[in-house]
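Q: Take this structure, written in structure tokens, and hold onto it; I'll ask about it next.
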Amino acid sequence: MKKFIDAWHRLLTWLMVASVAILIVPVTLQIVSRYTALIPSWIWTEELSRFLFIWMVMFGAMIAIRERTHFEVDVWPDLKPRANALLGIVSHLCSLVFALVFIWWGIEFVRFGWNQNSELAELPMPFIFVAWPLAGATWVLFLGEALVADFRLVFGKHAR
């Protein structure tokens, strides 16, 4: 299972890099067309930018959960490893609630947009809306991994 989770994390990282790299093109075209007459003003670039931005944010949120940098607030002094793991469990359970909300309402969001297409590119909107339940499911996977490691530490079995 660890190999699968590691591979999924690597894939998400590469997809994040690709979405940022591709996002540069339509945004640059928008800026150049707005301030110069060198190229025509293409309206599809705005829609593509919005969709890439949505996916970029969701990829970033998924990666941040795995790297334990999302929803992280340090308010406690340096604690012992077991106490930190116990606080991690509480934090992960709270994040898990948000993940389940993303899955539940994300599926409803996909159903809502099932027969919709984007205005300009005529893309099926479920390709965009599926980012929410996918993010939630990925959070559940990554939070499960973190919870197992923290439970092992709290109950005496050290995580590898």
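Ordering of the structure tokens sets the chain letters (A, B, ...), residue numbers begin anew at 1 in every chain, and ligands are numbered from 1 in the order given.
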Excluding region 33-46 of chain A and any residue of its chain fewer than 5 positions from it, enumerate the residues within 7 Å of it, using only C-alpha atoms, and give them as a tab-separated table (two decimals) with N, CA and C atoms, in the first residue's frame.

A:
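The resulting file, result_15.tsv, is reproduced below:
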chain	number	residue	atom	x	y	z
A	26	PRO	N	-1.91	30.30	-21.28
A	26	PRO	CA	-3.09	31.15	-21.51
A	26	PRO	C	-3.04	32.47	-20.74
A	27	VAL	N	-2.43	32.47	-19.56
A	27	VAL	CA	-2.34	33.72	-18.81
A	27	VAL	C	-1.42	34.70	-19.54
A	120	LEU	N	-17.40	28.17	-23.52
A	120	LEU	CA	-16.58	28.46	-24.70
A	120	LEU	C	-15.95	27.23	-25.33
A	121	ALA	N	-15.35	26.41	-24.52
A	121	ALA	CA	-14.64	25.25	-25.06
A	121	ALA	C	-15.53	24.03	-25.21

Q: Can you pull out every residue within 7 Å of Gly106 (chain A), counting only C-alpha atoms, but drop anything in the same chain fewer than 3 positions away, and send it as a list in words?

A: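 The residues satisfying every condition are Phe102, Ile103, Phe109, Val110, Val130, Trp132 and Pro133 of chain A.
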
Q: Report the distance between CA of Phe129 (chain A) and CA of Arg68 (chain A) in Å, rounded to one decimal place.

A: 24.9 Å

Q: Restricting the calculation to only C-alpha atoms: of A:Val101, A:Ala149, A:Ala7, A:Ile128, which residue gets closest to Gly113 (chain A)?

A: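 Distance minimum relative to Gly113 (chain A) lands on A:Ile128.
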
Q: Let me make sure I understand: among A:Ala135, A:Trp114, A:Cys94, A:Leu100, which one has the smallest atom-to-atom distance to Leu147 (chain A) if we use only C-alpha atoms?

A: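 Nearest candidate to Leu147 (chain A) out of A:Ala135, A:Trp114, A:Cys94, A:Leu100: A:Cys94.
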
Q: When distances are computed from only C-alpha atoms, which of A:Leu96, A:Val17, A:Leu12, A:Ile22 shows the smallest separation from Glu145 (chain A)?

A: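 Ranking A:Leu96, A:Val17, A:Leu12, A:Ile22 by distance to Glu145 (chain A), first place goes to A:Leu96.
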
Q: Do a neighbour search on Glu67 (chain A) at 10 Å with only C-alpha atoms, toss out local chain neighbours closer than 3 positions, and write the hits as a ChimeraX atom specification.

A: /A:9,61-64,70,142,146

Q: The selected residues should be written to file as a JSON list (two decimals), in the first residue's frame (atoms: C-alpha atoms).

A:
[["chain", "number", "residue", "atom", "x", "y", "z"],
["A", 9, "HIS", "CA", 1.90, 11.35, -4.44],
["A", 61, "ALA", "CA", -4.23, 20.67, -1.44],
["A", 62, "MET", "CA", -3.83, 16.92, -1.99],
["A", 63, "ILE", "CA", -0.04, 17.15, -1.91],
["A", 64, "ALA", "CA", -0.10, 19.35, 1.19],
["A", 70, "HIS", "CA", -2.11, 21.69, 4.95],
["A", 142, "PHE", "CA", -3.22, 10.33, 2.87],
["A", 146, "ALA", "CA", -0.82, 9.60, 8.72]]

Q: Kindly provide the residues of region 102-159 of chain A that approach region 84-92 of chain A to within 8 Å, each paired with its closest atom pair and their distance in Å to one decimal, based on only C-alpha atoms, listed by chain and increasing number, as a Markdown table.

A:
| residue | atom | partner | partner_atom | distance |
| --- | --- | --- | --- | --- |
| A:Leu143 | CA | A:His92 | CA | 6.2 |
| A:Ala146 | CA | A:His92 | CA | 7.6 |
| A:Leu147 | CA | A:Ile89 | CA | 5.9 |
| A:Asp150 | CA | A:Ala85 | CA | 4.8 |
| A:Phe151 | CA | A:Ala85 | CA | 7.3 |
| A:Leu153 | CA | A:Ala85 | CA | 6.6 |
| A:Val154 | CA | A:Ala85 | CA | 6.2 |

Q: Identify all residues of region 6-107 of chain A in helix (DSSP H, G or I) (DSSP on the backbone) and supply them as a ChimeraX atom specification.

A: /A:6-35,44-66,81-107
